[in-house]
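Asker: Supplied in structure tokens, the structure appears directly below.
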Amino acid sequence: MTTETSAPASAGAARWGAVAGVASAAAGLGLAELVAVLTGPRSAPVVAVGGVVVDHVPAAVKDAAIAVFGVHDKTALIVGTVLLLAAAAAGVGALAVRSLAYAVGGTALFGVIGVAAALTRPGVNAAWALPSLAAVAGALTAGWFLLRMIPATVAAGPGAAAVPRTRAAVGEAPPDVVKPVAAAPGAAVPGAEKQGEAAAFGGGAVAGRGDSVGRRRFLKVAGLVVAGAAVAGAAGRWLSTRLSVAEIRATVTLPQPADPAPALPGGLDPAPDLATYVTKNENFYRIDTALSVPQVDPESWQLRIHGRVQREITITWADLLARPMVERYVTLACVSNEVGGELIGNARWLGVPVRDLLAEAGPLPGADQVVSRSVDGWTCGTPTDVLLDGRDALLAIGMNGEPLPVEHGFPVRMVVPGLYGYVSACKWITEIELSSFADFDAYWVPRGWSARGPIKTQSRIDTPRRTATAGPVVIAGVAWAQHVGVASVEVSVDGGPWVAATLHPSVSADTWCQWTLPWTATPGEHTLRVRATDATGAVQTEDDAPVAPDGATGWHTVKVEVRTP
Ligand SMILES: Nc1nc2c(c(=O)[nH]1)N[C@H]1C(S)=C(S)[C@@H](COP(=O)(O)O)O[C@H]1N2
Ligand SMILES: [Mo]
């Protein structure tokens, strides 16, 4: 071992080492995914480390990520984490050709990071260390194996090579160096390009036939390790979904509501390209900090109501289902929704009134904040008086006639009309703690968001958005002023007078409403603006405000290019 690893390393050897490093890291992570099938997807090192990053990156970075990647911010984070890890593993591998101590030290460091990340995630148990430990074992085994395979002449440096070094950079091996290798007996096999690659990897230090065989073997084994890791990782993920609660969810039958939602009036969805009054579950926006969707089995689910209460209570799934259910349409909005944005949807929720549960526990004086906690540790804080003021705040189990989709909080979440999701709509809820705003800051508050988040009155133009054909056009959109109600919507074309749009019916003040306005479009560029007035007579503010700290404001404005037919 020592003779192979303590030799002075060449640039070529470092490159081989880098390949070994990346392949070894892949082996470790693949193995970790398999182990995480048993310990739970949130214990997998990439998800655990990613989770720590999500919880600790400066708010501005996270807001920027959401702005750039939108609902794909999680995928971007995972891809970024894997790329960073690959780069680091390549570095460790490049050093490991000098001394195995680098491999052991580097891998151990990653292991410590993985274990530390996993063990500090909310809801953890000791077994969550196992995937990261398995990753260390897998990476070290693969690394030891691969490093030993690096051809000795390469490891010994260019001086030992039979052909003098010409160009060093990857991919710059001159054809006359590559050719003899590719033309060597036995090279006329599928994958002749890999020969060139092998030569390129060796830099100028391409030696005789014996070495080219060694390189081929090394690349083949490294390739097999990466492929095996990919298969293990994919199998792990697949098994995790097989074991996910999706199958349990499919067996859940929702109880009939004792107090059903009102029937939908006629005249909804009056225009194409306009958001439907009821948002389908698969179209409903999803926002949360969960890199791996929490899998909560209703049979083991419990909700503990505690803190500043007269009587602490614990409710099981069976207890919850036995209660009379209320069904309501409620429009949920995200505080990160830009003016004109899509982070809003309207659904029919089935659940138990939160005020009934709070009444049973008996909030003590001073308990002005209700802190909801998710199984993954996320928290939100809702004003107690809002939950008790008679509005239909629900501990919901159903969404549009189905059990909650897993990513929307299965089995139980909260929904509160009139409040942004970050202060009210806790998914995968497992705890309700009566507290106070003075005593506790929920998840987003120390990250720069307001402790209180009533939804601001807004209106949005859905169509036309960019182009239109001259002639009769229907301008249409949605407007909302949850729990207050929209009284009117007006549209101004090219800065002209405000014209009242037709408001289409909505079932209650807790949902958005659709509006339409016929327009005769003339060729050229036109600017459309919209504003709503709520039921108290307050006109939506024209002042532009960003989403942070408590929701965007301003009049949605679109520029439309009208073409001649
Ligand atoms: N457990 C948990 N619940 C959560 C969040 C979260 O990050 N974790 N995000 C909240 C935010 S910011 C919003 S806007 C709503 C979004 O709910 P949806 O994904 O069902 O649309 O969920 C809320 N509930
Ligand atoms: Mo949100």
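How things are named: the first chain in the structure tokens is A, the next is B, and so on; residues count from 1 in each chain; ligands count from 1 in the order shown.
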Determine, for each residue of stretch 242-291 of chain A having at least one atom at most 10 Å from an atom of stretch 55-79 of chain A, the closest pair of atoms and their separation in Å to one decimal, counting only C-alpha atoms; order by chain and ascending number, as JSON lines.
Answerer:
{"residue": "A:Tyr285", "atom": "CA", "partner": "A:Val71", "partner_atom": "CA", "distance": 8.0}
{"residue": "A:Arg286", "atom": "CA", "partner": "A:Val71", "partner_atom": "CA", "distance": 7.1}
{"residue": "A:Ile287", "atom": "CA", "partner": "A:Val71", "partner_atom": "CA", "distance": 7.2}
{"residue": "A:Asp288", "atom": "CA", "partner": "A:Val71", "partner_atom": "CA", "distance": 9.5}
{"residue": "A:Thr289", "atom": "CA", "partner": "A:Asp55", "partner_atom": "CA", "distance": 7.8}
{"residue": "A:Ala290", "atom": "CA", "partner": "A:Lys74", "partner_atom": "CA", "distance": 8.3}
{"residue": "A:Leu291", "atom": "CA", "partner": "A:Lys74", "partner_atom": "CA", "distance": 6.1}
Asker: Keeping all heavy atoms for every residue in the selection just given, could you write it to a file as a short mmCIF file (atom, residue, chain, number, x, y, z; two decimals), in the first residue's frame?
Answerer:
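Written output follows (again08.cif):
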data_model
loop_
_atom_site.label_atom_id
_atom_site.label_comp_id
_atom_site.auth_asym_id
_atom_site.auth_seq_id
_atom_site.Cartn_x
_atom_site.Cartn_y
_atom_site.Cartn_z
N TYR A 285 -50.21 25.24 -5.39
CA TYR A 285 -48.81 25.56 -5.11
C TYR A 285 -48.35 24.81 -3.85
O TYR A 285 -49.15 24.54 -2.96
CB TYR A 285 -48.62 27.07 -4.96
CG TYR A 285 -49.02 27.64 -3.61
CD1 TYR A 285 -48.07 27.80 -2.60
CD2 TYR A 285 -50.34 28.01 -3.32
CE1 TYR A 285 -48.42 28.31 -1.36
CE2 TYR A 285 -50.69 28.52 -2.09
CZ TYR A 285 -49.73 28.67 -1.11
OH TYR A 285 -50.08 29.16 0.12
N ARG A 286 -47.06 24.51 -3.81
CA ARG A 286 -46.52 23.88 -2.62
C ARG A 286 -45.33 24.70 -2.13
O ARG A 286 -44.40 24.98 -2.90
CB ARG A 286 -46.04 22.46 -2.91
CG ARG A 286 -45.33 21.84 -1.72
CD ARG A 286 -44.62 20.55 -2.05
NE ARG A 286 -43.69 20.24 -0.96
CZ ARG A 286 -42.67 19.42 -1.07
NH1 ARG A 286 -42.43 18.80 -2.20
NH2 ARG A 286 -41.86 19.21 -0.05
N ILE A 287 -45.37 25.11 -0.88
CA ILE A 287 -44.24 25.80 -0.28
C ILE A 287 -43.98 25.21 1.10
O ILE A 287 -44.90 25.13 1.92
CB ILE A 287 -44.51 27.33 -0.13
CG1 ILE A 287 -44.51 28.03 -1.49
CG2 ILE A 287 -43.50 27.98 0.80
CD1 ILE A 287 -43.14 28.24 -2.12
N ASP A 288 -42.77 24.77 1.34
CA ASP A 288 -42.36 24.35 2.68
C ASP A 288 -40.85 24.19 2.70
O ASP A 288 -40.20 24.29 1.67
CB ASP A 288 -43.07 23.05 3.11
CG ASP A 288 -42.87 21.95 2.08
OD1 ASP A 288 -41.72 21.58 1.85
OD2 ASP A 288 -43.88 21.49 1.50
N THR A 289 -40.32 23.94 3.89
CA THR A 289 -38.87 23.81 4.04
C THR A 289 -38.43 22.35 3.97
O THR A 289 -37.27 22.06 4.20
CB THR A 289 -38.44 24.37 5.40
OG1 THR A 289 -39.13 23.64 6.42
CG2 THR A 289 -38.77 25.85 5.53
N ALA A 290 -39.36 21.44 3.67
CA ALA A 290 -39.06 20.02 3.75
C ALA A 290 -38.38 19.51 2.47
O ALA A 290 -38.99 19.49 1.42
CB ALA A 290 -40.34 19.23 4.01
N LEU A 291 -37.11 19.08 2.59
CA LEU A 291 -36.40 18.53 1.44
C LEU A 291 -36.90 17.14 1.12
O LEU A 291 -36.82 16.66 0.01
CB LEU A 291 -34.90 18.47 1.73
CG LEU A 291 -34.22 19.83 1.73
CD1 LEU A 291 -32.78 19.67 2.14
CD2 LEU A 291 -34.33 20.48 0.38
#
Asker: Pick out the residues no farther than 8 Å from ligand 2, counting only C-alpha atoms and all ligand atoms, and list them as a CSV table (one decimal) with N, CA, C and O atoms, in the first residue's frame.
Answerer:
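This is the output file selection-v9.csv:
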chain,number,residue,atom,x,y,z
A,287,ILE,N,-45.4,25.1,-0.9
A,287,ILE,CA,-44.2,25.8,-0.3
A,287,ILE,C,-44.0,25.2,1.1
A,287,ILE,O,-44.9,25.1,1.9
A,288,ASP,N,-42.8,24.8,1.3
A,288,ASP,CA,-42.4,24.4,2.7
A,288,ASP,C,-40.9,24.2,2.7
A,288,ASP,O,-40.2,24.3,1.7
A,333,ALA,N,-52.9,31.6,0.8
A,333,ALA,CA,-51.9,32.4,0.0
A,333,ALA,C,-50.6,32.4,0.8
A,333,ALA,O,-50.5,32.3,2.0
A,334,CYS,N,-49.5,32.4,0.0
A,334,CYS,CA,-48.1,32.5,0.6
A,334,CYS,C,-47.7,33.9,0.7
A,334,CYS,O,-47.9,34.7,-0.3
A,335,VAL,N,-47.0,34.3,1.7
A,335,VAL,CA,-46.5,35.6,1.9
A,335,VAL,C,-45.5,35.9,0.8
A,335,VAL,O,-45.2,37.1,0.5
A,336,SER,N,-44.9,34.9,0.3
A,336,SER,CA,-43.8,35.1,-0.8
A,336,SER,C,-44.5,35.3,-2.2
A,336,SER,O,-43.8,35.4,-3.2
A,337,ASN,N,-45.8,35.4,-2.2
A,337,ASN,CA,-46.5,35.6,-3.5
A,337,ASN,C,-46.2,37.0,-4.0
A,337,ASN,O,-46.6,38.0,-3.3
A,343,LEU,N,-48.5,31.9,-6.1
A,343,LEU,CA,-48.5,31.2,-4.9
A,343,LEU,C,-49.8,31.4,-4.1
A,343,LEU,O,-49.8,31.8,-2.9
A,420,TYR,N,-51.6,34.5,6.0
A,420,TYR,CA,-50.7,33.8,5.1
A,420,TYR,C,-50.3,32.5,5.7
A,420,TYR,O,-50.3,32.3,7.0
A,421,GLY,N,-49.9,31.6,4.9
A,421,GLY,CA,-49.5,30.2,5.3
A,421,GLY,C,-48.5,30.1,6.3
A,421,GLY,O,-48.5,29.3,7.2
A,422,TYR,N,-47.5,31.0,6.3
A,422,TYR,CA,-46.3,30.9,7.2
A,422,TYR,C,-46.7,31.2,8.6
A,422,TYR,O,-45.9,30.9,9.5
Asker: My list of candidates is A:Val97, A:Ile344, A:Leu274, A:Ala367. Which is closest to ligand 1 when distances are computed with only C-alpha atoms and all ligand atoms?
Answerer: A:Ile344
Asker: Which of stretch 398-482 of chain A counts as strand (DSSP E) under DSSP, as a PyMOL selection string please?
Answerer: chain A and resi 398-399+402-403+413-415+429-435+458-463+467-469+471-480
Asker: Please list as a short mmCIF file (atom, residue, chain, number, x, y, z; two decimals) with N, CA, C and O atoms, in the first residue's frame every residue within 10 Å of A:Asp439, counting only C-alpha atoms and excluding residues in the same chain fewer than 3 positions away.
Answerer:
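Result saved to result25.cif:
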data_model
loop_
_atom_site.label_atom_id
_atom_site.label_comp_id
_atom_site.auth_asym_id
_atom_site.auth_seq_id
_atom_site.Cartn_x
_atom_site.Cartn_y
_atom_site.Cartn_z
N ALA A 367 -51.92 33.79 26.91
CA ALA A 367 -51.56 32.88 25.81
C ALA A 367 -52.04 33.50 24.50
O ALA A 367 -53.02 33.06 23.92
N ASP A 368 -51.33 34.52 24.03
CA ASP A 368 -51.82 35.24 22.85
C ASP A 368 -51.30 34.65 21.54
O ASP A 368 -51.65 35.11 20.47
N GLN A 369 -50.44 33.63 21.62
CA GLN A 369 -49.94 33.00 20.40
C GLN A 369 -50.13 31.49 20.45
O GLN A 369 -49.76 30.84 21.44
N SER A 435 -48.76 29.72 23.69
CA SER A 435 -47.59 30.47 24.13
C SER A 435 -47.93 31.95 24.04
O SER A 435 -49.11 32.32 24.04
N SER A 436 -46.90 32.78 23.91
CA SER A 436 -47.17 34.20 23.70
C SER A 436 -46.18 34.71 22.66
O SER A 436 -45.14 34.10 22.42
#
Asker: Which of these, A:Ala548, A:Val53, A:Leu146, A:Ile313, has the shortest distance to A:Glu360 once you count only C-alpha atoms?
Answerer: A:Ile313
Asker: Quick one: residues within 12 Å of A:Pro122, only C-alpha atoms, excluding same-chain residues fewer than 3 positions away - as a PyMOL selection string?
Answerer: chain A and resi 42-43+48+51-52+55+117-119+125-126+128+290+294+373-379
Asker: Using all heavy atoms, can you write the selected residues to a file as a short mmCIF file (atom, residue, chain, number, x, y, z; two decimals), in the first residue's frame?
Answerer:
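Just written: again_16.cif:
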data_model
loop_
_atom_site.label_atom_id
_atom_site.label_comp_id
_atom_site.auth_asym_id
_atom_site.auth_seq_id
_atom_site.Cartn_x
_atom_site.Cartn_y
_atom_site.Cartn_z
N ARG A 42 -35.31 11.25 5.77
CA ARG A 42 -34.71 12.48 6.28
C ARG A 42 -33.36 12.23 6.94
O ARG A 42 -32.64 13.17 7.28
CB ARG A 42 -35.67 13.18 7.23
CG ARG A 42 -36.90 13.73 6.48
CD ARG A 42 -37.88 14.43 7.41
NE ARG A 42 -37.22 15.42 8.22
CZ ARG A 42 -37.34 15.50 9.54
NH1 ARG A 42 -38.10 14.67 10.19
NH2 ARG A 42 -36.70 16.44 10.19
N SER A 43 -33.00 10.93 7.15
CA SER A 43 -31.71 10.63 7.75
C SER A 43 -30.61 10.49 6.69
O SER A 43 -29.44 10.42 7.02
CB SER A 43 -31.80 9.33 8.56
OG SER A 43 -32.12 8.24 7.70
N ALA A 48 -30.19 15.43 5.00
CA ALA A 48 -29.94 15.98 6.33
C ALA A 48 -29.10 17.26 6.22
O ALA A 48 -29.43 18.29 6.81
CB ALA A 48 -29.25 14.95 7.21
N GLY A 51 -31.04 19.98 4.68
CA GLY A 51 -32.00 20.52 5.64
C GLY A 51 -31.36 21.55 6.57
O GLY A 51 -31.94 22.59 6.85
N VAL A 52 -30.14 21.23 7.01
CA VAL A 52 -29.42 22.18 7.87
C VAL A 52 -29.16 23.47 7.08
O VAL A 52 -29.34 24.58 7.60
CB VAL A 52 -28.09 21.57 8.37
CG1 VAL A 52 -27.24 22.62 9.05
CG2 VAL A 52 -28.37 20.41 9.31
N ASP A 55 -32.25 25.56 6.84
CA ASP A 55 -32.60 26.22 8.09
C ASP A 55 -31.62 27.32 8.49
O ASP A 55 -31.95 28.17 9.31
CB ASP A 55 -32.70 25.20 9.23
CG ASP A 55 -33.94 24.33 9.10
OD1 ASP A 55 -34.79 24.65 8.24
OD2 ASP A 55 -34.07 23.35 9.85
N ALA A 117 -25.27 16.59 11.04
CA ALA A 117 -26.47 17.17 10.42
C ALA A 117 -27.69 16.32 10.76
O ALA A 117 -28.71 16.83 11.22
CB ALA A 117 -26.29 17.26 8.91
N ALA A 118 -27.55 14.99 10.57
CA ALA A 118 -28.70 14.11 10.81
C ALA A 118 -29.15 14.18 12.27
O ALA A 118 -30.34 14.26 12.55
CB ALA A 118 -28.36 12.67 10.43
N LEU A 119 -28.17 14.18 13.19
CA LEU A 119 -28.54 14.11 14.61
C LEU A 119 -29.07 15.42 15.16
O LEU A 119 -29.57 15.46 16.29
CB LEU A 119 -27.34 13.63 15.44
CG LEU A 119 -26.93 12.17 15.19
CD1 LEU A 119 -25.85 11.74 16.18
CD2 LEU A 119 -28.14 11.22 15.30
N ASN A 125 -33.89 10.22 15.75
CA ASN A 125 -33.51 9.22 16.74
C ASN A 125 -32.10 8.74 16.38
O ASN A 125 -31.59 9.06 15.31
CB ASN A 125 -34.52 8.06 16.80
CG ASN A 125 -34.63 7.33 15.48
OD1 ASN A 125 -33.66 6.76 15.00
ND2 ASN A 125 -35.82 7.36 14.90
N ALA A 126 -31.48 8.00 17.31
CA ALA A 126 -30.05 7.67 17.18
C ALA A 126 -29.74 6.97 15.86
O ALA A 126 -28.66 7.12 15.30
CB ALA A 126 -29.61 6.81 18.37
N TRP A 128 -30.50 7.64 13.04
CA TRP A 128 -30.27 8.55 11.92
C TRP A 128 -28.78 8.75 11.62
O TRP A 128 -28.42 9.29 10.58
CB TRP A 128 -30.94 9.91 12.18
CG TRP A 128 -32.43 9.84 12.01
CD1 TRP A 128 -33.22 8.75 12.15
CD2 TRP A 128 -33.30 10.92 11.66
NE1 TRP A 128 -34.54 9.07 11.91
CE2 TRP A 128 -34.61 10.40 11.61
CE3 TRP A 128 -33.11 12.27 11.39
CZ2 TRP A 128 -35.72 11.18 11.30
CZ3 TRP A 128 -34.21 13.06 11.08
CH2 TRP A 128 -35.51 12.50 11.03
N ALA A 290 -39.36 21.44 3.67
CA ALA A 290 -39.06 20.02 3.75
C ALA A 290 -38.38 19.51 2.47
O ALA A 290 -38.99 19.49 1.42
CB ALA A 290 -40.34 19.23 4.01
N PRO A 294 -42.28 14.82 4.79
CA PRO A 294 -42.49 13.98 5.97
C PRO A 294 -43.55 12.90 5.71
O PRO A 294 -44.58 13.16 5.09
CB PRO A 294 -42.99 14.98 7.02
CG PRO A 294 -42.38 16.28 6.62
CD PRO A 294 -42.39 16.25 5.11
N ARG A 373 -46.59 23.06 15.54
CA ARG A 373 -45.29 22.46 15.22
C ARG A 373 -45.51 21.23 14.36
O ARG A 373 -46.36 20.38 14.63
CB ARG A 373 -44.56 22.09 16.51
CG ARG A 373 -43.11 21.71 16.33
CD ARG A 373 -42.36 21.61 17.66
NE ARG A 373 -41.91 22.90 18.17
CZ ARG A 373 -42.39 23.51 19.24
NH1 ARG A 373 -43.34 22.94 19.95
NH2 ARG A 373 -41.92 24.69 19.61
N SER A 374 -44.71 21.16 13.29
CA SER A 374 -44.77 20.04 12.36
C SER A 374 -43.85 18.92 12.84
O SER A 374 -42.93 19.16 13.64
CB SER A 374 -44.32 20.55 10.99
OG SER A 374 -43.81 19.53 10.20
N VAL A 375 -44.05 17.71 12.35
CA VAL A 375 -43.17 16.60 12.74
C VAL A 375 -41.71 16.89 12.40
O VAL A 375 -40.81 16.34 13.01
CB VAL A 375 -43.57 15.27 12.06
CG1 VAL A 375 -44.93 14.81 12.55
CG2 VAL A 375 -43.55 15.39 10.55
N ASP A 376 -41.47 17.75 11.40
CA ASP A 376 -40.08 18.05 11.03
C ASP A 376 -39.54 19.27 11.76
O ASP A 376 -38.48 19.79 11.42
CB ASP A 376 -39.91 18.19 9.51
CG ASP A 376 -40.66 19.38 8.94
OD1 ASP A 376 -41.34 20.09 9.71
OD2 ASP A 376 -40.57 19.59 7.71
N GLY A 377 -40.26 19.74 12.77
CA GLY A 377 -39.75 20.80 13.61
C GLY A 377 -40.15 22.20 13.17
O GLY A 377 -39.96 23.16 13.92
N TRP A 378 -40.71 22.35 11.97
CA TRP A 378 -41.11 23.68 11.49
C TRP A 378 -42.23 24.21 12.40
O TRP A 378 -43.05 23.43 12.88
CB TRP A 378 -41.59 23.57 10.04
CG TRP A 378 -41.91 24.90 9.40
CD1 TRP A 378 -41.04 25.73 8.78
CD2 TRP A 378 -43.21 25.53 9.30
NE1 TRP A 378 -41.70 26.83 8.30
CE2 TRP A 378 -43.02 26.74 8.62
CE3 TRP A 378 -44.49 25.17 9.74
CZ2 TRP A 378 -44.08 27.61 8.34
CZ3 TRP A 378 -45.54 26.04 9.48
CH2 TRP A 378 -45.33 27.24 8.78
N THR A 379 -42.21 25.51 12.63
CA THR A 379 -43.24 26.09 13.50
C THR A 379 -43.88 27.30 12.85
O THR A 379 -43.27 27.98 12.02
CB THR A 379 -42.65 26.56 14.85
OG1 THR A 379 -41.52 27.40 14.58
CG2 THR A 379 -42.23 25.40 15.73
#
Asker: As a PyMOL selection string, please: all residues of stretch 350-474 of chain A that backbone DSSP puts in helix (DSSP H, G or I).
Answerer: chain A and resi 354-361+384-388+406-408+421-423
Asker: Choose the residue, out of A:Ala479, A:Ala538, A:Leu332, A:Val547, that has the smallest atom-to-atom separation from ligand 1; count only C-alpha atoms and all ligand atoms.
Answerer: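 Going through A:Ala479, A:Ala538, A:Leu332, A:Val547 one by one, the smallest distance to ligand 1 is for A:Leu332.
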Asker: Mind checking which residues fall within 12 Å of A:Pro518, counting only C-alpha atoms, ignoring those fewer than 6 positions away in the same chain, and posting them as a VMD selection string?
Answerer: chain A and resid 270 to 271 463 to 464 471 to 476 491 493 499 to 502
Asker: Excluding stretch 345-348 of chain A and its own-chain neighbours fewer than 2 positions away, which residues fall within 10 Å of it when counting only C-alpha atoms? Please give them as a ChimeraX atom specification.
Answerer: /A:260-262,275-281,283-286,327-334,342-343,350,396,398-402,510-513
Asker: When you look at stretch 108-116 of chain A with a cut-off of 6 Å (counting only C-alpha atoms), what residues show up, excluding the ones that are within fewer than 5 positions of it in the same chain? I need them as a PyMOL selection string.
Answerer: chain A and resi 45+129+132+136
Asker: Which of these, A:His526, A:Arg311, A:Arg531, A:Arg460, has the shortest distance to A:Gln514 once you count only C-alpha atoms?
Answerer: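 Closest to A:Gln514, using only C-alpha atoms: A:Arg460.
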Asker: Which is closest to A:Arg323 among A:Gln482, A:Gln256, A:Thr120, A:Ser300, if we use only C-alpha atoms?
Answerer: A:Gln256
Asker: Atom CA of A:Glu433 to atom CA of A:Arg308: how many Å, to one decimal?
Answerer: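 Distance between the two atoms: 7.4 Å.
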Asker: Kindly indicate which residue among A:Pro363, A:Gly551, A:Pro265, A:Gly477 lies nearest to ligand 1, using only C-alpha atoms and all ligand atoms for the distances.
Answerer: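 Closest to ligand 1, using only C-alpha atoms and all ligand atoms: A:Gly551.
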Asker: To one decimal place in Å, what is the distance between atom CA of A:Gly50 and atom CA of A:Ala87?
Answerer: 16.3 Å
Asker: Between atom CA of A:Leu394 and atom 21 (O, counted along the ligand's line) of ligand 1, what is the distance, to one decimal in Å?
Answerer: 14.9 Å
